[in-house]
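Content type mmCIF, N, CA and C atoms, from the file run-v5.cif:
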```
data_structure
loop_
_atom_site.label_atom_id
_atom_site.label_comp_id
_atom_site.auth_asym_id
_atom_site.auth_seq_id
_atom_site.Cartn_x
_atom_site.Cartn_y
_atom_site.Cartn_z
N MET A 1 8.40 8.91 -6.42
CA MET A 1 8.14 7.62 -7.00
C MET A 1 8.00 7.78 -8.50
N ASN A 2 8.58 6.88 -9.21
CA ASN A 2 8.55 6.88 -10.65
C ASN A 2 7.15 6.56 -11.15
N HIS A 3 6.65 7.38 -12.08
CA HIS A 3 5.31 7.18 -12.64
C HIS A 3 5.20 5.83 -13.32
N ASN A 4 6.29 5.33 -13.92
CA ASN A 4 6.27 4.02 -14.57
C ASN A 4 6.03 2.91 -13.57
N VAL A 5 6.56 3.05 -12.36
CA VAL A 5 6.33 2.05 -11.32
C VAL A 5 4.86 2.02 -10.96
N VAL A 6 4.25 3.19 -10.83
CA VAL A 6 2.82 3.27 -10.51
C VAL A 6 2.00 2.61 -11.63
N ALA A 7 2.35 2.88 -12.87
CA ALA A 7 1.64 2.28 -14.00
C ALA A 7 1.79 0.77 -14.00
N GLU A 8 2.98 0.29 -13.70
CA GLU A 8 3.23 -1.15 -13.65
C GLU A 8 2.41 -1.81 -12.55
N ILE A 9 2.36 -1.18 -11.39
CA ILE A 9 1.57 -1.71 -10.29
C ILE A 9 0.10 -1.77 -10.69
N GLY A 10 -0.38 -0.72 -11.35
CA GLY A 10 -1.77 -0.66 -11.76
C GLY A 10 -2.16 -1.76 -12.72
N GLU A 11 -1.23 -2.14 -13.58
CA GLU A 11 -1.50 -3.23 -14.51
C GLU A 11 -1.68 -4.54 -13.77
N GLU A 12 -0.96 -4.71 -12.68
CA GLU A 12 -1.01 -5.96 -11.92
C GLU A 12 -2.09 -5.97 -10.85
N SER A 13 -2.30 -4.84 -10.19
CA SER A 13 -3.19 -4.86 -9.03
C SER A 13 -3.81 -3.49 -8.75
N GLN A 14 -5.09 -3.38 -9.04
CA GLN A 14 -5.81 -2.16 -8.68
C GLN A 14 -5.88 -2.02 -7.16
N LEU A 15 -5.91 -3.14 -6.46
CA LEU A 15 -5.94 -3.11 -5.01
C LEU A 15 -4.66 -2.48 -4.45
N ALA A 16 -3.52 -2.82 -5.02
CA ALA A 16 -2.26 -2.22 -4.58
C ALA A 16 -2.30 -0.71 -4.80
N LEU A 17 -2.89 -0.28 -5.89
CA LEU A 17 -3.00 1.17 -6.14
C LEU A 17 -3.90 1.83 -5.12
N ARG A 18 -4.97 1.16 -4.72
CA ARG A 18 -5.86 1.73 -3.71
C ARG A 18 -5.13 1.86 -2.38
N ILE A 19 -4.31 0.88 -2.05
CA ILE A 19 -3.53 0.95 -0.81
C ILE A 19 -2.52 2.10 -0.89
N LEU A 20 -1.83 2.22 -2.01
CA LEU A 20 -0.88 3.32 -2.19
C LEU A 20 -1.57 4.67 -2.13
N ASP A 21 -2.77 4.75 -2.69
CA ASP A 21 -3.52 6.01 -2.64
C ASP A 21 -3.85 6.38 -1.20
N TYR A 22 -4.20 5.40 -0.38
CA TYR A 22 -4.47 5.67 1.02
C TYR A 22 -3.21 6.21 1.71
N PHE A 23 -2.08 5.57 1.43
CA PHE A 23 -0.82 6.05 2.00
C PHE A 23 -0.49 7.46 1.51
N ARG A 24 -0.79 7.76 0.26
CA ARG A 24 -0.51 9.09 -0.28
C ARG A 24 -1.31 10.14 0.50
N ARG A 25 -2.55 9.81 0.80
CA ARG A 25 -3.41 10.75 1.52
C ARG A 25 -3.16 10.75 3.03
N ASN A 26 -2.56 9.65 3.53
CA ASN A 26 -2.32 9.49 4.97
C ASN A 26 -0.91 8.93 5.19
N PRO A 27 0.12 9.72 4.92
CA PRO A 27 1.49 9.19 4.91
C PRO A 27 1.98 8.63 6.24
N GLN A 28 1.38 8.99 7.35
CA GLN A 28 1.80 8.46 8.65
C GLN A 28 1.02 7.21 9.06
N ALA A 29 0.12 6.77 8.21
CA ALA A 29 -0.74 5.63 8.54
C ALA A 29 0.07 4.34 8.64
N LYS A 30 -0.40 3.45 9.51
CA LYS A 30 0.15 2.10 9.61
C LYS A 30 -0.96 1.21 10.14
N ASP A 31 -0.98 -0.01 9.66
CA ASP A 31 -2.04 -0.92 10.08
C ASP A 31 -1.67 -2.35 9.72
N SER A 32 -2.45 -3.28 10.23
CA SER A 32 -2.29 -4.71 9.93
C SER A 32 -3.01 -5.04 8.62
N VAL A 33 -2.77 -6.23 8.12
CA VAL A 33 -3.48 -6.68 6.92
C VAL A 33 -4.98 -6.59 7.15
N GLU A 34 -5.42 -7.07 8.29
CA GLU A 34 -6.85 -7.08 8.59
C GLU A 34 -7.43 -5.67 8.66
N GLY A 35 -6.70 -4.76 9.30
CA GLY A 35 -7.16 -3.38 9.39
C GLY A 35 -7.21 -2.71 8.03
N ILE A 36 -6.18 -2.92 7.22
CA ILE A 36 -6.15 -2.34 5.87
C ILE A 36 -7.31 -2.91 5.06
N ALA A 37 -7.52 -4.22 5.15
CA ALA A 37 -8.60 -4.86 4.40
C ALA A 37 -9.97 -4.32 4.82
N GLN A 38 -10.18 -4.21 6.11
CA GLN A 38 -11.50 -3.81 6.61
C GLN A 38 -11.76 -2.31 6.52
N PHE A 39 -10.80 -1.50 6.91
CA PHE A 39 -11.05 -0.07 7.06
C PHE A 39 -10.55 0.79 5.91
N TRP A 40 -9.52 0.35 5.20
CA TRP A 40 -8.96 1.19 4.14
C TRP A 40 -9.57 0.88 2.78
N VAL A 41 -9.64 -0.42 2.45
CA VAL A 41 -10.00 -0.78 1.06
C VAL A 41 -11.19 -1.72 0.94
N ASN A 42 -11.74 -2.17 2.06
CA ASN A 42 -12.91 -3.06 2.04
C ASN A 42 -12.71 -4.21 1.05
N ALA A 43 -11.68 -5.02 1.33
CA ALA A 43 -11.33 -6.11 0.43
C ALA A 43 -10.95 -7.34 1.24
N ASP A 44 -10.85 -8.46 0.56
CA ASP A 44 -10.47 -9.74 1.16
C ASP A 44 -9.05 -9.65 1.71
N PRO A 45 -8.85 -10.03 2.98
CA PRO A 45 -7.51 -9.95 3.58
C PRO A 45 -6.44 -10.74 2.82
N ILE A 46 -6.80 -11.84 2.22
CA ILE A 46 -5.82 -12.63 1.46
C ILE A 46 -5.32 -11.82 0.26
N GLU A 47 -6.24 -11.16 -0.44
CA GLU A 47 -5.86 -10.33 -1.58
C GLU A 47 -5.06 -9.11 -1.12
N VAL A 48 -5.43 -8.56 0.02
CA VAL A 48 -4.70 -7.40 0.57
C VAL A 48 -3.27 -7.82 0.90
N ARG A 49 -3.09 -8.99 1.50
CA ARG A 49 -1.74 -9.45 1.83
C ARG A 49 -0.90 -9.59 0.55
N ARG A 50 -1.48 -10.14 -0.50
CA ARG A 50 -0.76 -10.28 -1.77
C ARG A 50 -0.34 -8.91 -2.32
N ALA A 51 -1.25 -7.96 -2.27
CA ALA A 51 -0.94 -6.61 -2.76
C ALA A 51 0.16 -5.98 -1.90
N LEU A 52 0.05 -6.14 -0.60
CA LEU A 52 1.07 -5.58 0.29
C LEU A 52 2.43 -6.24 0.07
N ASP A 53 2.44 -7.55 -0.14
CA ASP A 53 3.70 -8.24 -0.42
C ASP A 53 4.37 -7.66 -1.66
N LYS A 54 3.59 -7.37 -2.69
CA LYS A 54 4.13 -6.76 -3.91
C LYS A 54 4.72 -5.38 -3.60
N LEU A 55 4.00 -4.59 -2.82
CA LEU A 55 4.48 -3.24 -2.47
C LEU A 55 5.72 -3.30 -1.59
N VAL A 56 5.80 -4.30 -0.73
CA VAL A 56 7.00 -4.49 0.09
C VAL A 56 8.17 -4.87 -0.80
N ASP A 57 7.93 -5.80 -1.75
CA ASP A 57 8.99 -6.21 -2.68
C ASP A 57 9.53 -5.02 -3.48
N LEU A 58 8.65 -4.08 -3.81
CA LEU A 58 9.06 -2.89 -4.56
C LEU A 58 9.64 -1.80 -3.65
N ARG A 59 9.67 -2.08 -2.36
CA ARG A 59 10.20 -1.14 -1.35
C ARG A 59 9.41 0.17 -1.28
N LEU A 60 8.12 0.07 -1.53
CA LEU A 60 7.24 1.23 -1.40
C LEU A 60 6.56 1.24 -0.05
N VAL A 61 6.41 0.05 0.52
CA VAL A 61 5.76 -0.13 1.82
C VAL A 61 6.70 -1.00 2.64
N GLU A 62 6.74 -0.73 3.95
CA GLU A 62 7.56 -1.57 4.81
C GLU A 62 6.67 -2.35 5.75
N LYS A 63 7.16 -3.52 6.11
CA LYS A 63 6.45 -4.41 7.03
C LYS A 63 7.30 -4.56 8.28
N ARG A 64 6.67 -4.32 9.43
CA ARG A 64 7.35 -4.47 10.72
C ARG A 64 6.49 -5.34 11.62
N GLU A 65 7.17 -6.19 12.37
CA GLU A 65 6.46 -7.02 13.32
C GLU A 65 6.41 -6.31 14.66
N LYS A 66 5.21 -6.21 15.20
CA LYS A 66 5.04 -5.56 16.50
C LYS A 66 4.02 -6.39 17.28
N ALA A 67 4.46 -6.89 18.43
CA ALA A 67 3.59 -7.70 19.30
C ALA A 67 2.98 -8.86 18.50
N SER A 68 3.83 -9.56 17.76
CA SER A 68 3.45 -10.73 16.95
C SER A 68 2.43 -10.41 15.85
N MET A 69 2.36 -9.14 15.45
CA MET A 69 1.47 -8.74 14.36
C MET A 69 2.29 -7.94 13.35
N ASP A 70 2.09 -8.21 12.07
CA ASP A 70 2.76 -7.42 11.04
C ASP A 70 2.02 -6.11 10.84
N LEU A 71 2.76 -5.01 10.87
CA LEU A 71 2.22 -3.69 10.59
C LEU A 71 2.86 -3.16 9.32
N TYR A 72 2.05 -2.55 8.48
CA TYR A 72 2.51 -2.01 7.21
C TYR A 72 2.42 -0.49 7.23
N SER A 73 3.44 0.14 6.67
CA SER A 73 3.47 1.60 6.58
C SER A 73 4.24 2.00 5.33
N MET A 74 4.09 3.26 4.96
CA MET A 74 4.82 3.76 3.81
C MET A 74 6.30 3.86 4.15
N VAL A 75 7.15 3.54 3.22
CA VAL A 75 8.59 3.67 3.42
C VAL A 75 8.90 5.14 3.61
N MET A 76 9.62 5.46 4.67
CA MET A 76 9.98 6.86 4.94
C MET A 76 10.83 7.40 3.80
N GLY A 77 10.53 8.61 3.40
CA GLY A 77 11.27 9.24 2.31
C GLY A 77 10.64 8.97 0.95
N GLU A 78 9.74 8.03 0.88
CA GLU A 78 9.06 7.71 -0.37
C GLU A 78 7.81 8.57 -0.41
N SER A 79 7.58 9.23 -1.50
CA SER A 79 6.36 10.03 -1.58
C SER A 79 5.71 9.81 -2.93
N LEU A 80 4.42 9.96 -2.93
CA LEU A 80 3.64 9.82 -4.15
C LEU A 80 3.23 11.21 -4.61
N PRO A 81 3.27 11.46 -5.89
CA PRO A 81 2.84 12.77 -6.37
C PRO A 81 1.40 13.05 -5.97
N ALA A 82 1.14 14.27 -5.53
CA ALA A 82 -0.22 14.63 -5.10
C ALA A 82 -1.22 14.50 -6.23
N ASN A 83 -0.76 14.66 -7.47
CA ASN A 83 -1.67 14.59 -8.61
C ASN A 83 -1.73 13.20 -9.23
N ALA A 84 -1.09 12.22 -8.61
CA ALA A 84 -1.10 10.86 -9.16
C ALA A 84 -2.52 10.30 -9.04
N ASP A 85 -3.03 9.79 -10.15
CA ASP A 85 -4.36 9.21 -10.17
C ASP A 85 -4.21 7.73 -9.86
N LEU A 86 -4.13 7.39 -8.59
CA LEU A 86 -3.86 6.02 -8.20
C LEU A 86 -5.11 5.18 -8.12
N ALA A 87 -6.20 5.78 -7.75
CA ALA A 87 -7.42 5.00 -7.55
C ALA A 87 -8.16 4.72 -8.84
N GLY A 88 -7.65 5.22 -9.92
CA GLY A 88 -8.17 4.84 -11.19
C GLY A 88 -9.16 5.71 -11.80
#
```
Reformat the file's structure so that it appears as structure tokens.
Amino acid sequence: MNHNVVAEIGEESQLALRILDYFRRNPQAKDSVEGIAQFWVNADPIEVRRALDKLVDLRLVEKREKASMDLYSMVMGESLPANADLAG
């Protein structure tokens, strides 16, 4: 992942960076908006959905519907540098 993309995301949404940081540390993770909001970042689900939509638009995170629920996961093949300071 391009460091400039990470910087751009950080300017817009610290929450998106926190979500990306979780994926960096747990690349096989997947969860719903509610699960990410409650267990990953302890944030409002509406704000989490907005952050996830941005990450999906940037093709860093993918959204899949499973059993009428959207699940989010890191795009396969996309990796974040281990030394990236995403959480600020």
Assign secondary structure with DSSP using the backbone only, and return the residues of chain A in strand (DSSP E) as a PyMOL selection string.
chain A and resi 30-31+61-66+69-74
Residues within 5 Å of Val61 (chain A), only N, CA and C atoms, excluding chain neighbours under 2 positions, as a short mmCIF file (atom, residue, chain, number, x, y, z; two decimals) with N, CA and C atoms, in the frame of the given file:
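Listed below is the output, selection.cif:
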```cif
data_model
loop_
_atom_site.label_atom_id
_atom_site.label_comp_id
_atom_site.auth_asym_id
_atom_site.auth_seq_id
_atom_site.Cartn_x
_atom_site.Cartn_y
_atom_site.Cartn_z
N LEU A 55 4.00 -4.59 -2.82
CA LEU A 55 4.48 -3.24 -2.47
C LEU A 55 5.72 -3.30 -1.59
N VAL A 56 5.80 -4.30 -0.73
CA VAL A 56 7.00 -4.49 0.09
C VAL A 56 8.17 -4.87 -0.80
N ARG A 59 9.67 -2.08 -2.36
CA ARG A 59 10.20 -1.14 -1.35
C ARG A 59 9.41 0.17 -1.28
N LYS A 63 7.16 -3.52 6.11
CA LYS A 63 6.45 -4.41 7.03
C LYS A 63 7.30 -4.56 8.28
N SER A 73 3.44 0.14 6.67
CA SER A 73 3.47 1.60 6.58
C SER A 73 4.24 2.00 5.33
N MET A 74 4.09 3.26 4.96
CA MET A 74 4.82 3.76 3.81
C MET A 74 6.30 3.86 4.15
N VAL A 75 7.15 3.54 3.22
CA VAL A 75 8.59 3.67 3.42
C VAL A 75 8.90 5.14 3.61
#
```
Taking the backbone alone, and naming residues the way the document does, which bits of region 15-54 of chain A are helix (DSSP H, G or I) by DSSP, as a PyMOL selection string?
chain A and resi 15-25+33-41+45-54
In Å to one decimal, how far is CA of Arg18 (chain A) from CA of Trp40 (chain A)?
8.5 Å
Point-to-point distance from atom C of Ala29 (chain A) to atom N of Tyr72 (chain A), Å rounded to tenths:
7.2 Å
Using all atoms listed in the file, which residues sit within 6 Å of Asp70 (chain A) once same-chain residues fewer than 2 positions away are excluded, as a ChimeraX atom specification?
/A:31-33,64-66,68,72
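Of the listed residues (A:Leu60, A:Leu52, A:Asn42, A:Pro27), A:Leu60 comes nearest to Val6 (chain A); the distances count only C-alpha atoms.
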Could you tell me how far atom C of Asp44 (chain A) sits from CA of Leu58 (chain A), in Å to one decimal place?
20.3 Å
Listed atoms of region 12-28 of chain A boxed axis-aligned with 3 Å per side, centre + edges as lines of an AutoDock Vina configuration file:
```
center_x = -2.0
center_y = 2.4
center_z = -1.8
size_x = 13.9
size_y = 22.7
size_z = 27.7
```
Could you give me, as a PDB file with N, CA and C atoms, in the frame of the given file, the residues within 8 Å of Leu15 (chain A), counting only N, CA and C atoms and dropping anything in the same chain fewer than 3 positions from it?
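This went into selection_11.pdb:
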```pdb
ATOM      1  N   ILE A   9       2.360  -1.180 -11.390  1.00  0.00           N
ATOM      2  CA  ILE A   9       1.570  -1.710 -10.290  1.00  0.00           C
ATOM      3  C   ILE A   9       0.100  -1.770 -10.690  1.00  0.00           C
ATOM      4  N   GLY A  10      -0.380  -0.720 -11.350  1.00  0.00           N
ATOM      5  CA  GLY A  10      -1.770  -0.660 -11.760  1.00  0.00           C
ATOM      6  C   GLY A  10      -2.160  -1.760 -12.720  1.00  0.00           C
ATOM      7  N   GLU A  12      -0.960  -4.710 -12.680  1.00  0.00           N
ATOM      8  CA  GLU A  12      -1.010  -5.960 -11.920  1.00  0.00           C
ATOM      9  C   GLU A  12      -2.090  -5.970 -10.850  1.00  0.00           C
ATOM     10  N   ARG A  18      -4.970   1.160  -4.720  1.00  0.00           N
ATOM     11  CA  ARG A  18      -5.860   1.730  -3.710  1.00  0.00           C
ATOM     12  C   ARG A  18      -5.130   1.860  -2.380  1.00  0.00           C
ATOM     13  N   ILE A  19      -4.310   0.880  -2.050  1.00  0.00           N
ATOM     14  CA  ILE A  19      -3.530   0.950  -0.810  1.00  0.00           C
ATOM     15  C   ILE A  19      -2.520   2.100  -0.890  1.00  0.00           C
ATOM     16  N   LEU A  20      -1.830   2.220  -2.010  1.00  0.00           N
ATOM     17  CA  LEU A  20      -0.880   3.320  -2.190  1.00  0.00           C
ATOM     18  C   LEU A  20      -1.570   4.670  -2.130  1.00  0.00           C
ATOM     19  N   ASP A  21      -2.770   4.750  -2.690  1.00  0.00           N
ATOM     20  CA  ASP A  21      -3.520   6.010  -2.640  1.00  0.00           C
ATOM     21  C   ASP A  21      -3.850   6.380  -1.200  1.00  0.00           C
ATOM     22  N   VAL A  41      -9.640  -0.420   2.450  1.00  0.00           N
ATOM     23  CA  VAL A  41     -10.000  -0.780   1.060  1.00  0.00           C
ATOM     24  C   VAL A  41     -11.190  -1.720   0.940  1.00  0.00           C
ATOM     25  N   GLU A  47      -6.240 -11.160  -0.440  1.00  0.00           N
ATOM     26  CA  GLU A  47      -5.860 -10.330  -1.580  1.00  0.00           C
ATOM     27  C   GLU A  47      -5.060  -9.110  -1.120  1.00  0.00           C
ATOM     28  N   VAL A  48      -5.430  -8.560   0.020  1.00  0.00           N
ATOM     29  CA  VAL A  48      -4.700  -7.400   0.570  1.00  0.00           C
ATOM     30  C   VAL A  48      -3.270  -7.820   0.900  1.00  0.00           C
ATOM     31  N   ALA A  51      -1.250  -7.960  -2.270  1.00  0.00           N
ATOM     32  CA  ALA A  51      -0.940  -6.610  -2.760  1.00  0.00           C
ATOM     33  C   ALA A  51       0.160  -5.980  -1.900  1.00  0.00           C
ATOM     34  N   LEU A  52       0.050  -6.140  -0.600  1.00  0.00           N
ATOM     35  CA  LEU A  52       1.070  -5.580   0.290  1.00  0.00           C
ATOM     36  C   LEU A  52       2.430  -6.240   0.070  1.00  0.00           C
TER      37      LEU A  52
END
```
Nearest candidate to Arg50 (chain A) (options A:Ala67, A:Met76, A:Ala16, A:Asn26; using only C-alpha atoms):
A:Ala16
